[in-house]
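Asker: First, the structure itself, so that you have it in front of you.
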Amino acid sequence: MGNYHIPVKYLFSKILKVEVMSSPPITSKTVELGTKYSPDFVCTPFKYTLGTFLECLEKGANILVQAGGGCRYGYYSELQEQILNDLGYNFEYINLVTKGKTSIKHIIKELKKINPHLRQVKLFYYGLIAKQMVKYMDKIDNFIRENIGFEVEENSFINLQNKMLRRFSKVKSLYQLRKIYKKYLKEFKEIKVNKGEHPLKIGIIGELYTVMEPFANYYLEKLLASYNIEIKRFTNVHYLLFEKKRKVKKYLKDAKKYIKYRMGADASDNIGRTKYLCENGYDGIIHIKSSFCTPEIGAMPIINKICNIYNVPVIFFSFDANTSEVGIKTRIEAFYDMLEMRRGK
Amino acid sequence: MNECYLGVDIGSISTKAVVIDNHNHIVASQYIWTEGNPIKAVKKLIKEIKCQLPRNVIIKGIGTTGSARKLIGLMLDANIVKNEITAHAIGTLAFYPKTRTILEIGGQDSKIILIKDGIIVDYSMNTLCAAGTGAFLSSQAKRLGIDIEDFGKLALKSVSPVKIAARCTVFAESDLVHKAQVGYKKEDIIAGLCRSIVINYLNNVGKGKKISGPIVFQGGVSKNVGVLKYFKEILNEDIIVDENSHLMGAIGIALLARKYKTGKTYDLSMVDVSFETKGFECSDCSNNCEVLKIYKDSKLIDAWGSKCHKY
């Protein structure tokens, strides 16, 4: 998913003493494979991850690791393991989250299955580095999202980001990681951008996988950047793993007029975010999800209501494994025209 | 010389072209069926437009909209290519500046556009299903053996329309068959169908949108008096249907072509050049993109569909 394979690969290769294979980038073939062996009405992330597992197994992987939880995603692993077993593959399946729940104890137990000599000190140390790496990556990502639509020289952001990630994958200590981050942050801030005084600002919210995997949302962020739009996105891995618990409470409190109880997955977060975006001068909101994502379906009418009250336009997209890209482009183009017209008033 | 602008709206079912002058007068207009071949349809359409044009007209701008806008935009060398949502709103506002809501039902899609003080504030477009669009109506008309142009008039004759499941075309069709076999009258079934289209539209496209007057109804289906009647009945508002309601998208894009004119003069005989497309599946990586190459006068001018920048 995105560039996150870098810290994950880093962590596992340091602590497990095995050769770690990053999953190949998601392509149409991945989706086709995943769709073929998935139940038809399951949400799209299931199809994407299953397809990725299949591709990895074909390439010779013999240990698969799955982690996820929050909604139906919490039960993915059991089902995926079963499907892969039925297909006759031979592999060991490490499931870091069982029945939607996890703990550090459980994770250590599972990891010890791969490397019986795993030392907890080592796990915590490299775990910390990986955590920091994710944090820095997400911070840089946020910065890129706000500015990439205005870059003067094409690909200047992406090229620098790739350079940084290559350095990240070879770090030896926390200190070194921090130094590299500081150096690149400075370089990122020096990239020339041509940002007018009040560029259009759009917030992207929705189901986490679709939001985070560019292939699953048809490179929505890239498309928006081509219209010179500043993008705000909340969901990233650091948020999900380390900030969510705290922030959800805040979101629930802020938006208590509209929501009383937690709705599962990211639905309540998205309601809080909608209110935040409406109150902070964003021109529009794009809500994306994979088809049949139940928590988000529950959140949509509330998001719609908040946007009506604040008079901020919102547009909803549901992506399936076979959505036409042209239709999405038409709607985004019209959405952009509309925001421009509203600005011109 | 009279400076004019050509707007072409290439939809899934029909292709429309309009020529307007600097005072929003329609100088020429034409409406033909696309029949699955937008290039051929546009060639035919432009020829017919050319016959209608007075001698002193020169074309100073061309705009394309509709689902084949990109392809035809390339073919006509248009100075503007825009989506149909914006085009419809611009066209309608030029004639009805006070409009608050635009209902549009076309061949394959349907949309609602909300307007406040002359600018679009919200819109929505059907997503998954084509239930309640022109294509469904015309296929049902064919199945019932009625000319699509008489469809609306027949619906008006009914006093008690039957209830039809409006969710999905497949369900609607089996419901229609069932009602016919049970013995309901044809006009009641047709009226029920018109009503179900309105309900489906309001439940899907119009969901959560505040519809307020003045309302303008357009797109091909707006010519259907049966559907219009049920819109009026259910919304309890007066609804404007312009005599050119089916051309509104083309008018809008012609207006935009005027706004963004480049000073270039167009010669309509350019449609006579050969214009071809060739599609193939690239197998250089596992994305297997479907790439479409476009040739004008046997010269490659563009290629679409690849995820990388190879083509």
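Residues are named by chain letter and number: chains run A, B, ... in the order of the structure tokens, numbers start at 1 in each chain, and ligands are numbered from 1 in the order shown.
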Where does chain A meet chain B within 9 Å, residue by residue, with the nearest atom pair and distance in Å to one decimal for each, counting only C-alpha atoms, listed by chain and rising number, as a tab-separated table?

Answerer:
residue	atom	partner	partner_atom	distance
A:Ile26	CA	B:Asn287	CA	8.5
A:Thr27	CA	B:Asn287	CA	4.9
A:Ser28	CA	B:Asn287	CA	4.7
A:Lys29	CA	B:Ser286	CA	5.7
A:Thr30	CA	B:Ser286	CA	8.3
A:Pro301	CA	B:Gly208	CA	8.0
A:Asn304	CA	B:Gly208	CA	7.4
A:Lys305	CA	B:Gly208	CA	8.2
A:Asn308	CA	B:Lys209	CA	9.0
A:Asn311	CA	B:Val121	CA	8.5
A:Val312	CA	B:Val121	CA	8.5
A:Pro313	CA	B:Asp122	CA	6.0
A:Val314	CA	B:Asp122	CA	8.0
A:Ile315	CA	B:Ser124	CA	7.7
A:Phe317	CA	B:Thr127	CA	8.5
A:Ser318	CA	B:Thr127	CA	8.6
A:Val326	CA	B:Ser67	CA	8.7
A:Gly327	CA	B:Thr127	CA	8.6
A:Thr330	CA	B:Asn83	CA	5.9
A:Arg331	CA	B:Met125	CA	7.8
A:Glu333	CA	B:Asn83	CA	6.9
A:Ala334	CA	B:Thr86	CA	6.0
A:Phe335	CA	B:Tyr123	CA	8.1
A:Asp337	CA	B:Thr86	CA	7.0
A:Met338	CA	B:Ile120	CA	5.7
A:Leu339	CA	B:Val121	CA	8.0
A:Met341	CA	B:Ile119	CA	6.3
A:Arg342	CA	B:Ile119	CA	6.5
A:Lys345	CA	B:Ile119	CA	7.7

Asker: Excluding Lys257 of chain A and residues on its chain fewer than 6 positions from it, collect all residues at most 12 Å away from it, counting only C-alpha atoms, and give them as number ranges by chain.

Answerer: A: 251, 271-272, 275, 302, 305-306

Asker: Report, in Å to a single decimal, how far apart atom CA of Val159 of chain B and atom CA of Gly226 of chain B are.

Answerer: 12.1 Å

Asker: Give me, as number ranges by chain, all polymer residues having an atom no more than 6 Å from segment 140-155 of chain B, counting only C-alpha atoms and skipping those fewer than 4 positions away in the same chain.

Answerer: B: 187, 190-191, 224-226

Asker: Using only C-alpha atoms, which of the listed residues (B:Cys4, B:Val162, B:Val19, B:Ala254) sits closest to Gly183 of chain B?

Answerer: B:Val162

Asker: Report, in Å with one decimal, the straight-line distance from atom CA of Lys163 of chain B to atom CA of Val221 of chain B.

Answerer: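 Straight-line distance from atom CA of Lys163 of chain B to atom CA of Val221 of chain B works out to 20.2 Å.
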
Asker: Rounded to one decimal in Å, what is the spacing between atom CA of Lys244 of chain A and atom CA of Asp269 of chain A?

Answerer: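 These two atoms are separated by 8.5 Å.
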
Asker: Would you give me, as a PDB file with C-alpha atoms, in the first residue's frame, the residues in segment 151-318 of chain A that DSSP reads as alpha helix (DSSP H)?

Answerer:
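Saved to result-v4.pdb:
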ATOM      1  CA  SER A 156      10.455  17.373  -8.617  1.00  0.00           C
ATOM      2  CA  PHE A 157       8.580  16.217  -5.511  1.00  0.00           C
ATOM      3  CA  ILE A 158       8.318  12.570  -6.494  1.00  0.00           C
ATOM      4  CA  ASN A 159      11.990  12.324  -7.446  1.00  0.00           C
ATOM      5  CA  LEU A 160      13.138  13.806  -4.160  1.00  0.00           C
ATOM      6  CA  GLN A 161      10.754  11.558  -2.239  1.00  0.00           C
ATOM      7  CA  ASN A 162      12.150   8.458  -3.929  1.00  0.00           C
ATOM      8  CA  LYS A 163      15.656   9.573  -3.047  1.00  0.00           C
ATOM      9  CA  MET A 164      14.662  10.041   0.575  1.00  0.00           C
ATOM     10  CA  LEU A 165      12.957   6.655   0.775  1.00  0.00           C
ATOM     11  CA  ARG A 166      16.062   4.950  -0.592  1.00  0.00           C
ATOM     12  CA  ARG A 167      18.112   6.548   2.181  1.00  0.00           C
ATOM     13  CA  PHE A 168      15.489   5.582   4.753  1.00  0.00           C
ATOM     14  CA  LEU A 174      17.253   6.467  15.197  1.00  0.00           C
ATOM     15  CA  TYR A 175      19.636   9.401  15.198  1.00  0.00           C
ATOM     16  CA  GLN A 176      20.640   8.822  11.609  1.00  0.00           C
ATOM     17  CA  LEU A 177      17.015   8.522  10.533  1.00  0.00           C
ATOM     18  CA  ARG A 178      16.205  11.839  12.134  1.00  0.00           C
ATOM     19  CA  LYS A 179      19.152  13.506  10.455  1.00  0.00           C
ATOM     20  CA  ILE A 180      18.130  12.263   7.025  1.00  0.00           C
ATOM     21  CA  TYR A 181      14.574  13.402   7.610  1.00  0.00           C
ATOM     22  CA  LYS A 182      15.668  16.904   8.621  1.00  0.00           C
ATOM     23  CA  LYS A 183      17.930  17.178   5.602  1.00  0.00           C
ATOM     24  CA  TYR A 184      15.234  16.166   3.154  1.00  0.00           C
ATOM     25  CA  LEU A 185      12.540  18.238   4.809  1.00  0.00           C
ATOM     26  CA  LYS A 186      14.707  21.262   4.162  1.00  0.00           C
ATOM     27  CA  GLU A 187      15.176  20.238   0.546  1.00  0.00           C
ATOM     28  CA  PHE A 188      11.447  19.712   0.113  1.00  0.00           C
ATOM     29  CA  LYS A 189      10.761  23.192   1.385  1.00  0.00           C
ATOM     30  CA  GLU A 190      13.227  24.581  -1.118  1.00  0.00           C
ATOM     31  CA  LEU A 208      -8.885   3.859   4.682  1.00  0.00           C
ATOM     32  CA  TYR A 209      -7.598   1.430   2.093  1.00  0.00           C
ATOM     33  CA  THR A 210      -9.151   3.212  -0.869  1.00  0.00           C
ATOM     34  CA  VAL A 211      -7.877   6.522   0.465  1.00  0.00           C
ATOM     35  CA  MET A 212      -4.324   5.261   0.919  1.00  0.00           C
ATOM     36  CA  LEU A 220      -7.240  10.583  -7.516  1.00  0.00           C
ATOM     37  CA  GLU A 221      -4.610  12.721  -5.801  1.00  0.00           C
ATOM     38  CA  LYS A 222      -2.555  12.895  -8.961  1.00  0.00           C
ATOM     39  CA  LEU A 223      -5.625  13.940 -10.941  1.00  0.00           C
ATOM     40  CA  LEU A 224      -6.507  16.658  -8.431  1.00  0.00           C
ATOM     41  CA  ALA A 225      -2.943  17.932  -8.387  1.00  0.00           C
ATOM     42  CA  SER A 226      -3.109  18.348 -12.157  1.00  0.00           C
ATOM     43  CA  VAL A 237      -0.573   4.525   8.662  1.00  0.00           C
ATOM     44  CA  HIS A 238       0.820   6.602  11.500  1.00  0.00           C
ATOM     45  CA  LYS A 244      -6.483   7.133  16.052  1.00  0.00           C
ATOM     46  CA  LYS A 245      -7.397   6.152  19.590  1.00  0.00           C
ATOM     47  CA  ARG A 246      -6.855   9.659  20.874  1.00  0.00           C
ATOM     48  CA  LYS A 247      -8.173  11.549  17.871  1.00  0.00           C
ATOM     49  CA  VAL A 248     -11.443   9.632  17.589  1.00  0.00           C
ATOM     50  CA  LYS A 249     -12.436  10.818  21.026  1.00  0.00           C
ATOM     51  CA  LYS A 250     -11.719  14.366  19.979  1.00  0.00           C
ATOM     52  CA  TYR A 251     -13.668  13.969  16.758  1.00  0.00           C
ATOM     53  CA  LEU A 252     -16.615  12.530  18.641  1.00  0.00           C
ATOM     54  CA  LYS A 253     -16.539  15.449  21.044  1.00  0.00           C
ATOM     55  CA  ASP A 254     -16.214  18.069  18.315  1.00  0.00           C
ATOM     56  CA  ALA A 267     -16.738   6.380   9.845  1.00  0.00           C
ATOM     57  CA  SER A 268     -16.853   8.501  13.007  1.00  0.00           C
ATOM     58  CA  ASP A 269     -13.446  10.003  12.196  1.00  0.00           C
ATOM     59  CA  ASN A 270     -14.742  11.053   8.810  1.00  0.00           C
ATOM     60  CA  ILE A 271     -17.728  12.812  10.303  1.00  0.00           C
ATOM     61  CA  GLY A 272     -15.441  14.773  12.608  1.00  0.00           C
ATOM     62  CA  ARG A 273     -13.154  15.554   9.694  1.00  0.00           C
ATOM     63  CA  THR A 274     -16.056  16.784   7.582  1.00  0.00           C
ATOM     64  CA  LYS A 275     -16.867  19.315  10.257  1.00  0.00           C
ATOM     65  CA  TYR A 276     -13.213  20.312  10.493  1.00  0.00           C
ATOM     66  CA  LEU A 277     -12.922  20.787   6.712  1.00  0.00           C
ATOM     67  CA  CYS A 278     -16.147  22.795   6.566  1.00  0.00           C
ATOM     68  CA  GLU A 279     -14.998  25.101   9.334  1.00  0.00           C
ATOM     69  CA  THR A 294     -20.785  -0.578   5.509  1.00  0.00           C
ATOM     70  CA  PRO A 295     -19.322   1.859   8.076  1.00  0.00           C
ATOM     71  CA  GLU A 296     -18.875   4.541   5.446  1.00  0.00           C
ATOM     72  CA  ILE A 297     -22.347   3.988   4.020  1.00  0.00           C
ATOM     73  CA  GLY A 298     -23.607   4.775   7.491  1.00  0.00           C
ATOM     74  CA  ALA A 299     -21.533   7.937   7.655  1.00  0.00           C
ATOM     75  CA  MET A 300     -22.555   9.309   4.249  1.00  0.00           C
ATOM     76  CA  PRO A 301     -25.970  10.806   5.118  1.00  0.00           C
ATOM     77  CA  ILE A 302     -24.445  12.556   8.135  1.00  0.00           C
ATOM     78  CA  ILE A 303     -21.582  13.934   6.051  1.00  0.00           C
ATOM     79  CA  ASN A 304     -24.130  15.112   3.515  1.00  0.00           C
ATOM     80  CA  LYS A 305     -26.099  16.865   6.240  1.00  0.00           C
ATOM     81  CA  ILE A 306     -23.058  18.635   7.693  1.00  0.00           C
ATOM     82  CA  CYS A 307     -22.039  19.803   4.222  1.00  0.00           C
ATOM     83  CA  ASN A 308     -25.548  21.119   3.598  1.00  0.00           C
ATOM     84  CA  ILE A 309     -25.470  23.097   6.824  1.00  0.00           C
ATOM     85  CA  TYR A 310     -22.072  24.617   6.068  1.00  0.00           C
TER      86      TYR A 310
END

Asker: Residues within 12 Å of segment 169-172 of chain B, please, as a PyMOL selection string. Count only C-alpha atoms; anything in the same chain fewer than 4 positions from it doesn't count.

Answerer: chain B and resi 128-137+139-140+162-165+176-179+189-190+192-197+200

Asker: Residues within 12 Å of segment 72-77 of chain B, please, as a PyMOL selection string. Count only C-alpha atoms; anything in the same chain fewer than 6 positions from it doesn't count.

Answerer: chain B and resi 6-11+15+37-43+46+59-66+83+253+257+262+264-277+294-297+300-304

Asker: Could you give me the residues within segment 203-340 of chain A that DSSP places in strand (DSSP E), as a PyMOL selection string?

Answerer: chain A and resi 203-206+229-233+284-290+314-319
